[in-house]
$ cat input30.csv   # CSV, C-alpha atoms and all ligand atoms
chain,number,residue,atom,x,y,z
A,477,MET,CA,10.4,34.4,2.7
A,478,SER,CA,11.0,37.6,0.7
A,479,LYS,CA,10.3,41.0,2.3
A,480,LYS,CA,9.9,44.3,0.5
A,481,SER,CA,13.5,45.2,0.1
A,482,HIS,CA,13.9,48.9,-0.5
A,483,ASP,CA,11.3,51.4,0.7
A,484,TYR,CA,12.5,54.4,-1.3
A,485,GLY,CA,9.3,56.3,-0.4
A,486,ARG,CA,10.8,56.4,3.1
A,487,PHE,CA,14.5,56.5,2.3
A,488,ALA,CA,14.8,58.6,-0.9
A,489,SER,CA,15.7,61.8,0.8
A,490,ASN,CA,18.2,60.2,3.1
A,491,TYR,CA,19.7,58.1,0.2
A,492,SER,CA,20.0,61.2,-2.0
A,493,GLU,CA,22.5,62.6,0.5
A,494,LEU,CA,24.9,59.6,0.1
A,495,GLY,CA,28.1,60.5,-1.5
A,496,LEU,CA,31.0,58.5,-2.8
A,497,GLU,CA,33.0,58.0,0.4
A,498,ASN,CA,34.1,55.0,2.4
A,499,THR,CA,33.2,51.6,0.7
A,500,TYR,CA,31.2,53.5,-1.9
A,501,TYR,CA,34.4,55.2,-2.9
A,502,LEU,CA,35.8,51.9,-4.0
A,503,ALA,CA,32.7,51.2,-6.1
A,504,PHE,CA,33.5,54.2,-8.3
A,505,ARG,CA,37.3,54.7,-7.9
A,506,ASP,CA,38.2,52.6,-10.9
A,507,ILE,CA,35.3,53.4,-13.2
A,508,PRO,CA,37.0,56.3,-15.0
A,509,SER,CA,39.9,54.0,-16.1
A,510,LEU,CA,37.6,51.1,-17.0
A,511,LEU,CA,35.4,53.4,-19.1
A,512,GLU,CA,38.5,54.9,-20.8
A,513,THR,CA,39.7,51.4,-21.7
A,514,TYR,CA,36.4,50.1,-23.0
A,515,THR,CA,33.9,52.8,-24.2
A,516,GLN,CA,33.8,54.0,-27.7
A,517,GLY,CA,31.1,56.7,-27.4
A,518,LEU,CA,29.4,59.0,-24.9
A,519,VAL,CA,25.7,58.3,-25.1
A,520,THR,CA,24.8,56.7,-21.8
A,521,LEU,CA,21.9,55.1,-20.0
A,522,ASP,CA,22.2,55.0,-16.2
A,523,HIS,CA,19.9,52.2,-15.4
A,524,GLY,CA,18.5,52.5,-11.9
A,525,CYS,CA,19.9,56.0,-11.5
A,526,GLY,CA,18.2,56.5,-8.1
A,527,ALA,CA,18.8,60.0,-6.8
A,528,GLY,CA,21.2,60.6,-9.6
A,529,ARG,CA,24.5,60.1,-7.8
A,530,SER,CA,25.8,57.7,-10.5
A,531,SER,CA,24.4,59.9,-13.3
A,532,ARG,CA,26.1,63.0,-12.0
A,533,PHE,CA,29.4,61.0,-11.7
A,534,LEU,CA,29.1,59.9,-15.3
A,535,GLN,CA,28.3,63.4,-16.5
A,536,SER,CA,31.4,64.7,-14.7
A,537,LEU,CA,33.4,62.3,-16.9
A,538,GLY,CA,31.9,63.8,-20.0
A,539,TYR,CA,29.2,61.2,-20.8
A,540,THR,CA,25.8,62.3,-22.0
A,541,VAL,CA,23.5,60.6,-19.6
A,542,THR,CA,19.9,59.6,-19.4
A,543,GLY,CA,19.0,58.4,-15.9
A,544,ALA,CA,16.1,55.9,-15.7
A,545,ASP,CA,14.5,54.5,-12.6
A,546,MET,CA,11.3,52.9,-11.4
A,547,SER,CA,11.0,55.0,-8.2
A,548,LEU,CA,9.4,58.4,-8.7
A,549,ASP,CA,10.6,59.4,-5.2
A,550,MET,CA,14.2,58.8,-6.2
A,551,LEU,CA,13.8,60.5,-9.6
A,552,GLN,CA,12.4,63.6,-7.8
A,553,GLN,CA,15.6,63.7,-5.8
A,554,ALA,CA,17.7,63.3,-9.0
A,555,ARG,CA,15.8,66.0,-10.8
A,556,SER,CA,16.0,68.5,-7.9
A,557,ARG,CA,19.8,68.0,-7.7
A,558,ASP,CA,20.3,68.2,-11.4
A,559,PRO,CA,17.5,70.3,-13.0
A,560,ASP,CA,19.2,70.2,-16.4
A,561,GLY,CA,19.7,66.4,-16.4
A,562,ARG,CA,17.5,64.0,-18.3
A,563,TYR,CA,15.7,61.5,-16.1
A,564,GLU,CA,12.9,59.1,-17.1
A,565,GLN,CA,10.6,56.9,-15.1
A,566,LEU,CA,10.5,53.2,-15.9
A,567,HIS,CA,7.2,51.2,-15.3
A,568,SER,CA,8.5,47.7,-16.0
A,569,SER,CA,11.7,45.9,-17.1
A,570,SER,CA,11.0,47.2,-20.6
A,571,LEU,CA,13.1,50.2,-21.6
A,572,PRO,CA,11.5,53.0,-23.5
A,573,PHE,CA,14.4,53.4,-26.0
A,574,ASP,CA,15.0,52.2,-29.5
A,575,ASP,CA,17.3,49.2,-30.2
A,576,ALA,CA,21.0,50.1,-30.3
A,577,THR,CA,20.7,53.6,-28.8
A,578,PHE,CA,23.5,53.6,-26.2
A,579,ASP,CA,27.3,53.5,-26.2
A,580,LEU,CA,27.3,52.7,-22.5
A,581,VAL,CA,24.7,51.3,-20.1
A,582,PHE,CA,25.8,51.8,-16.5
A,583,GLN,CA,24.2,50.2,-13.5
A,584,SER,CA,25.3,50.7,-10.0
A,585,CYS,CA,23.9,49.2,-6.8
A,586,VAL,CA,20.8,47.9,-8.6
A,587,ALA,CA,21.2,44.2,-9.3
A,588,GLU,CA,21.1,43.5,-5.6
A,589,GLU,CA,17.5,44.9,-5.5
A,590,ILE,CA,16.2,42.7,-8.3
A,591,PRO,CA,14.0,40.0,-6.7
A,592,GLY,CA,14.3,37.1,-9.1
A,593,ILE,CA,16.4,35.5,-11.9
A,594,ALA,CA,13.6,35.7,-14.4
A,595,LEU,CA,13.3,39.4,-13.9
A,596,MET,CA,17.1,39.8,-14.0
A,597,ASN,CA,17.1,38.0,-17.4
A,598,GLU,CA,14.4,40.4,-18.7
A,599,ILE,CA,16.2,43.5,-17.5
A,600,PHE,CA,19.6,42.5,-19.0
A,601,SER,CA,18.0,41.3,-22.3
A,602,GLU,CA,16.5,44.8,-22.5
A,603,ILE,CA,19.9,46.4,-21.6
A,604,SER,CA,21.4,44.3,-24.4
A,605,ARG,CA,18.7,45.4,-26.9
A,606,VAL,CA,19.3,49.1,-26.3
A,607,LEU,CA,23.1,48.8,-26.4
A,608,LYS,CA,24.9,49.6,-29.7
A,609,ARG,CA,26.9,46.7,-31.1
A,610,SER,CA,30.1,48.5,-30.2
A,611,GLY,CA,28.7,49.5,-26.8
A,612,VAL,CA,29.6,48.3,-23.3
A,613,VAL,CA,27.7,47.6,-20.1
A,614,VAL,CA,29.2,48.3,-16.7
A,615,VAL,CA,27.5,46.7,-13.7
A,616,VAL,CA,28.6,47.6,-10.2
A,617,THR,CA,27.1,45.3,-7.6
A,618,ARG,CA,27.7,44.0,-4.1
A,619,ASP,CA,29.5,40.6,-4.3
A,620,GLY,CA,26.7,38.2,-3.2
A,621,ALA,CA,29.2,35.8,-1.7
A,622,ILE,CA,29.8,38.4,1.1
A,623,GLY,CA,28.2,37.3,4.4
A,624,SER,CA,27.9,38.9,7.8
A,625,GLY,CA,30.5,41.4,8.6
A,626,GLU,CA,31.5,45.1,8.9
A,627,TRP,CA,32.6,47.4,6.2
A,628,SER,CA,33.4,51.1,6.2
A,629,SER,CA,29.9,52.0,4.8
A,630,PHE,CA,28.0,48.9,5.7
A,631,VAL,CA,27.1,46.2,8.3
A,632,ILE,CA,25.8,43.0,6.6
A,633,THR,CA,23.8,40.4,8.5
A,634,GLU,CA,23.1,37.2,6.7
A,635,PRO,CA,20.1,35.0,7.6
A,636,GLU,CA,20.6,32.1,10.1
A,637,ASP,CA,20.4,29.5,7.3
A,638,GLY,CA,23.2,31.3,5.5
A,639,LEU,CA,23.6,32.8,2.0
A,640,ARG,CA,21.7,31.3,-0.9
A,641,SER,CA,21.1,32.6,-4.4
A,642,GLY,CA,17.9,34.7,-4.4
A,643,GLY,CA,17.9,34.9,-0.6
A,644,GLN,CA,18.3,38.2,1.3
A,645,VAL,CA,20.8,39.8,3.6
A,646,LYS,CA,20.2,42.8,5.9
A,647,LEU,CA,22.4,45.8,4.8
A,648,PHE,CA,22.8,48.7,7.2
A,649,ILE,CA,24.2,51.8,5.6
A,650,ARG,CA,26.2,53.5,8.4
A,651,GLU,CA,26.4,57.0,6.9
A,652,LYS,CA,22.7,57.4,6.7
A,653,ASN,CA,21.3,55.0,9.2
A,654,ILE,CA,19.3,53.2,6.5
A,655,THR,CA,18.5,49.4,6.7
A,656,LEU,CA,17.7,47.6,3.5
A,657,LEU,CA,17.2,44.0,2.5
A,658,ASP,CA,19.4,43.1,-0.4
A,659,TYR,CA,19.1,40.1,-2.7
A,660,VAL,CA,22.0,37.7,-2.9
A,661,TRP,CA,23.2,37.0,-6.4
A,662,PHE,CA,26.4,35.0,-6.9
A,663,HIS,CA,29.0,35.4,-9.7
A,664,SER,CA,27.5,32.2,-11.2
A,665,ASP,CA,24.1,33.8,-11.3
A,666,PHE,CA,25.5,36.8,-13.2
A,667,GLU,CA,27.4,34.6,-15.6
A,668,SER,CA,24.1,32.8,-16.5
A,669,VAL,CA,22.0,36.0,-16.8
A,670,PHE,CA,24.6,37.7,-19.0
A,671,ASP,CA,24.9,34.6,-21.1
A,672,LYS,CA,21.1,34.4,-21.6
A,673,SER,CA,21.0,38.1,-22.4
A,674,GLY,CA,23.5,38.0,-25.2
A,675,LEU,CA,26.2,39.7,-23.1
A,676,LYS,CA,29.7,38.5,-22.5
A,677,ILE,CA,32.0,39.4,-19.7
A,678,LEU,CA,35.1,41.3,-20.8
A,679,GLU,CA,36.3,41.9,-17.3
A,680,ARG,CA,35.3,41.2,-13.7
A,681,HIS,CA,37.0,43.8,-11.5
A,682,GLN,CA,37.1,43.6,-7.7
A,683,PRO,CA,38.4,46.9,-6.2
A,684,ILE,CA,40.6,46.7,-3.1
A,685,ALA,CA,41.6,49.6,-0.9
A,686,THR,CA,45.3,50.6,-0.9
A,687,GLY,CA,45.5,52.0,2.6
A,688,GLU,CA,46.3,55.5,1.2
A,689,GLU,CA,42.6,56.6,1.2
A,690,PRO,CA,41.3,58.9,4.0
A,691,TYR,CA,38.8,56.4,5.2
A,692,HIS,CA,38.7,53.9,8.1
A,693,TRP,CA,38.7,50.5,6.5
A,694,TYR,CA,37.4,47.2,7.9
A,695,GLN,CA,37.9,44.4,5.4
A,696,GLU,CA,38.4,46.6,2.3
A,697,LEU,CA,42.2,46.2,2.3
A,698,ASP,CA,41.9,42.4,1.8
A,699,LYS,CA,38.6,41.7,0.2
A,700,SER,CA,36.4,43.4,-2.4
A,701,PHE,CA,32.9,44.3,-1.4
A,702,TRP,CA,32.1,45.0,-5.1
A,703,ASN,CA,32.0,43.1,-8.3
A,704,ILE,CA,32.3,45.4,-11.3
A,705,TYR,CA,31.4,43.6,-14.6
A,706,VAL,CA,32.3,45.1,-18.0
A,707,LEU,CA,30.2,43.5,-20.7
A,708,ARG,CA,29.9,43.6,-24.4
A,709,LYS,CA,27.2,42.2,-26.8
A,710,VAL,CA,28.2,38.8,-28.2
A,711,ALA,CA,29.0,39.2,-31.8
A,712,ASP,CA,26.2,37.0,-33.2
A,713,SER,CA,23.6,38.3,-30.8
A,714,THR,CA,20.3,39.1,-32.5
A,715,MET,CA,19.2,41.0,-29.4
A,801,LIG,C1,20.7,51.7,-4.4
A,801,LIG,S1,19.9,52.8,-5.6
A,801,LIG,C2,21.3,53.1,-6.6
A,801,LIG,C3,21.2,54.4,-7.3
A,801,LIG,C4,22.4,54.8,-8.1
A,801,LIG,N1,22.7,53.9,-9.2
A,801,LIG,C5,23.6,55.0,-7.3
A,801,LIG,O1,24.6,54.3,-7.4
A,801,LIG,O2,23.6,55.9,-6.4
A,801,LIG,C6,19.1,51.5,-6.5
A,801,LIG,C7,18.0,52.1,-7.5
A,801,LIG,O3,17.6,51.0,-8.4
A,801,LIG,C8,16.3,51.2,-8.7
A,801,LIG,N2,15.7,50.0,-9.2
A,801,LIG,C9,15.5,48.8,-8.6
A,801,LIG,N3,15.0,47.9,-9.4
A,801,LIG,C10,14.9,48.5,-10.6
A,801,LIG,C11,14.4,48.1,-11.9
A,801,LIG,N4,14.0,46.9,-12.1
A,801,LIG,N5,14.5,49.0,-12.9
A,801,LIG,C12,14.9,50.2,-12.7
A,801,LIG,N6,15.4,50.7,-11.5
A,801,LIG,C13,15.4,49.8,-10.5
A,801,LIG,C14,15.7,51.7,-7.4
A,801,LIG,O4,14.4,52.3,-7.6
A,801,LIG,C15,16.8,52.6,-6.8
A,801,LIG,O5,16.5,53.9,-7.1
$ encode --input "input30.csv" --output "structure tokens" --more "lines below"
Ligand SMILES: C[S@@+](CC[C@H](N)C(=O)[O-])C[C@H]1O[C@@H](n2cnc3c(N)ncnc32)[C@H](O)[C@@H]1O
Amino acid sequence: MSKKSHDYGRFASNYSELGLENTYYLAFRDIPSLLETYTQGLVTLDHGCGAGRSSRFLQSLGYTVTGADMSLDMLQQARSRDPDGRYEQLHSSSLPFDDATFDLVFQSCVAEEIPGIALMNEIFSEISRVLKRSGVVVVVTRDGAIGSGEWSSFVITEPEDGLRSGGQVKLFIREKNITLLDYVWFHSDFESVFDKSGLKILERHQPIATGEEPYHWYQELDKSFWNIYVLRKVADSTM
């Protein structure tokens, strides 16, 4: 059973008001230092830019960002918040960019919306194709191994038969009263997809709260909600 997971026609306006607080804060807290460590250029694709929150964040770090997304509703929000920004609509997993265009391909909170491994392979092969040989990919995604429980930004409810790769969990976003169905992808799924796409993992980072942040934490002090993957093209990749 797989239900329509993300109805952005309904939620785009609400979603566009989400900031980088609470559990979302941890998704982005360590991105500046990871980018400083690994990137060698500024030309960036924000794949699945949504309402542009991640694109504006990358711009604030000095990157030259093209946001791309399949949802016109989300792109309209992105464009209205950032009229000078560059945002493009995608119509499939194919990316309308030449080979080796980008120094950085960034993707946040998108992989958990991709409904199948075959599609995931297509998307990451395209990402690998448009990445320069010296480029890096950064993927921020909910850790699929996380089951039912409360987080500062979220309440997760897993299905009665538990978590399985490609299954769905219910994700309630407290700040905006939005309920979504997210797909479950485990670390082993990502390893296989990246491998097939000609990408190798340089680092898997799992941000934990320190307790110094101005937020009320649930499990964030002990456990990471997020997996952040830093990837590079494998040297002999023809993609
Ligand atoms: C949860 S939003 C995240 C937006 C933004 N990256 C952020 O962190 O705020 C996920 C976005 O991914 C987009 N998306 C989902 N599947 C996609 C795909 N196959 N290609 C491009 N965008 C996709 C959705 O339309 C949605 O706007």
$ closest_residue --input "input30.csv" --among "A:Ser536, A:Gln583, A:Ser509, A:Ser668" --to "ligand LIG 801 (chain A)" --atoms "all atoms listed in the file"
A:Gln583
$ closest_atom_pairs --input "input30.csv" --of "region 658-694 of chain A" --to "region 700-708 of chain A" --cutoff "8 Å" --atoms "only C-alpha atoms" --output "Markdown table"
| residue | atom | partner | partner_atom | distance |
| --- | --- | --- | --- | --- |
| A:Leu675 | CA | A:Arg708 | CA | 5.5 |
| A:Lys676 | CA | A:Leu707 | CA | 5.3 |
| A:Ile677 | CA | A:Leu707 | CA | 4.6 |
| A:Leu678 | CA | A:Leu707 | CA | 5.4 |
| A:Glu679 | CA | A:Val706 | CA | 5.2 |
| A:Arg680 | CA | A:Tyr705 | CA | 4.7 |
| A:His681 | CA | A:Ile704 | CA | 5.0 |
| A:Gln682 | CA | A:Asn703 | CA | 5.2 |
| A:Pro683 | CA | A:Ser700 | CA | 5.5 |
| A:Ile684 | CA | A:Ser700 | CA | 5.4 |
$ residues_around --input "input30.csv" --residues "Gly592 (chain A)" --least-positions-apart "6" --cutoff "12 Å" --atoms "only C-alpha atoms" --output "count of residues only"
14
$ atom_distance --input "input30.csv" --atom1 "CA of Gly687 (chain A)" --atom2 "CA of Arg532 (chain A)"
26.7 Å
$ residues_near_ligand --input "input30.csv" --ligand "ligand LIG 801 (chain A)" --cutoff "6 Å" --atoms "all atoms listed in the file" --output "NGL selection string"
:A and (524-526 or 529-530 or 545-547 or 550 or 569 or 583-586 or 589-590)
$ residues_around --input "input30.csv" --residues "region 688-692 of chain A" --least-positions-apart "5" --cutoff "8 Å" --atoms "all atoms listed in the file" --output "count of residues only"
3
$ closest_residue --input "input30.csv" --among "A:Val710, A:Arg486, A:Phe630, A:His663" --to "Thr499 (chain A)" --atoms "only C-alpha atoms"
A:Phe630
$ closest_residue --input "input30.csv" --among "A:Asp522, A:Asp575, A:Glu588, A:Glu634" --to "Arg562 (chain A)" --atoms "all atoms listed in the file"
A:Asp522
$ closest_residue --input "input30.csv" --among "A:Ala685, A:Ala711, A:Val631, A:Leu518" --to "Asn653 (chain A)" --atoms "only C-alpha atoms"
A:Val631
$ closest_residue --input "input30.csv" --among "A:Leu521, A:Ser556, A:Gly538, A:Gly623" --to "Glu636 (chain A)" --atoms "only C-alpha atoms"
A:Gly623
$ closest_residue --input "input30.csv" --among "A:Tyr500, A:Ile622, A:Tyr694, A:Thr520" --to "Tyr563 (chain A)" --atoms "only C-alpha atoms"
A:Thr520
$ atom_distance --input "input30.csv" --atom1 "CA of Leu607 (chain A)" --atom2 "CA of Asp506 (chain A)"
22.0 Å
$ build_atoms --input "input30.csv" --residues "region 564-586 of chain A" --atoms "N, CA and C atoms" --output "short mmCIF file (atom, residue, chain, number, x, y, z; two decimals), in the frame of the given file"
data_model
loop_
_atom_site.label_atom_id
_atom_site.label_comp_id
_atom_site.auth_asym_id
_atom_site.auth_seq_id
_atom_site.Cartn_x
_atom_site.Cartn_y
_atom_site.Cartn_z
N GLU A 564 14.19 59.66 -16.61
CA GLU A 564 12.90 59.10 -17.10
C GLU A 564 12.46 58.00 -16.12
N GLN A 565 11.14 57.94 -15.94
CA GLN A 565 10.60 56.90 -15.10
C GLN A 565 10.35 55.61 -15.88
N LEU A 566 10.74 54.48 -15.31
CA LEU A 566 10.50 53.20 -15.90
C LEU A 566 9.25 52.59 -15.19
N HIS A 567 8.43 51.85 -15.96
CA HIS A 567 7.20 51.20 -15.30
C HIS A 567 7.33 49.73 -15.32
N SER A 568 8.36 49.19 -15.93
CA SER A 568 8.50 47.70 -16.00
C SER A 568 9.99 47.48 -16.35
N SER A 569 10.29 46.21 -16.64
CA SER A 569 11.70 45.90 -17.10
C SER A 569 11.90 46.42 -18.52
N SER A 570 10.80 46.71 -19.26
CA SER A 570 11.00 47.20 -20.60
C SER A 570 11.60 48.61 -20.59
N LEU A 571 12.48 48.86 -21.52
CA LEU A 571 13.10 50.20 -21.60
C LEU A 571 12.57 50.96 -22.75
N PRO A 572 12.13 52.20 -22.50
CA PRO A 572 11.50 53.00 -23.50
C PRO A 572 12.46 53.65 -24.49
N PHE A 573 13.36 52.84 -25.04
CA PHE A 573 14.40 53.40 -26.00
C PHE A 573 14.48 52.41 -27.14
N ASP A 574 14.89 52.97 -28.29
CA ASP A 574 15.00 52.20 -29.50
C ASP A 574 16.21 51.18 -29.35
N ASP A 575 16.20 50.16 -30.17
CA ASP A 575 17.30 49.20 -30.20
C ASP A 575 18.61 50.03 -30.51
N ALA A 576 19.71 49.55 -29.98
CA ALA A 576 21.00 50.10 -30.30
C ALA A 576 21.14 51.61 -30.15
N THR A 577 20.65 52.11 -29.01
CA THR A 577 20.70 53.60 -28.80
C THR A 577 21.97 53.98 -28.03
N PHE A 578 22.49 53.13 -27.13
CA PHE A 578 23.50 53.60 -26.20
C PHE A 578 24.90 53.03 -26.42
N ASP A 579 25.88 53.90 -26.20
CA ASP A 579 27.30 53.50 -26.20
C ASP A 579 27.65 52.79 -24.91
N LEU A 580 26.97 53.23 -23.84
CA LEU A 580 27.30 52.70 -22.50
C LEU A 580 25.97 52.57 -21.72
N VAL A 581 25.77 51.40 -21.13
CA VAL A 581 24.70 51.30 -20.10
C VAL A 581 25.41 50.98 -18.80
N PHE A 582 25.17 51.86 -17.86
CA PHE A 582 25.80 51.80 -16.50
C PHE A 582 24.75 51.41 -15.54
N GLN A 583 25.13 50.57 -14.58
CA GLN A 583 24.20 50.20 -13.50
C GLN A 583 24.93 50.02 -12.23
N SER A 584 24.65 50.84 -11.23
CA SER A 584 25.30 50.70 -10.00
C SER A 584 24.37 50.47 -8.80
N CYS A 585 24.65 49.46 -8.01
CA CYS A 585 23.90 49.20 -6.80
C CYS A 585 22.43 48.89 -7.06
N VAL A 586 22.14 48.22 -8.16
CA VAL A 586 20.80 47.90 -8.60
C VAL A 586 20.48 46.43 -8.58
#
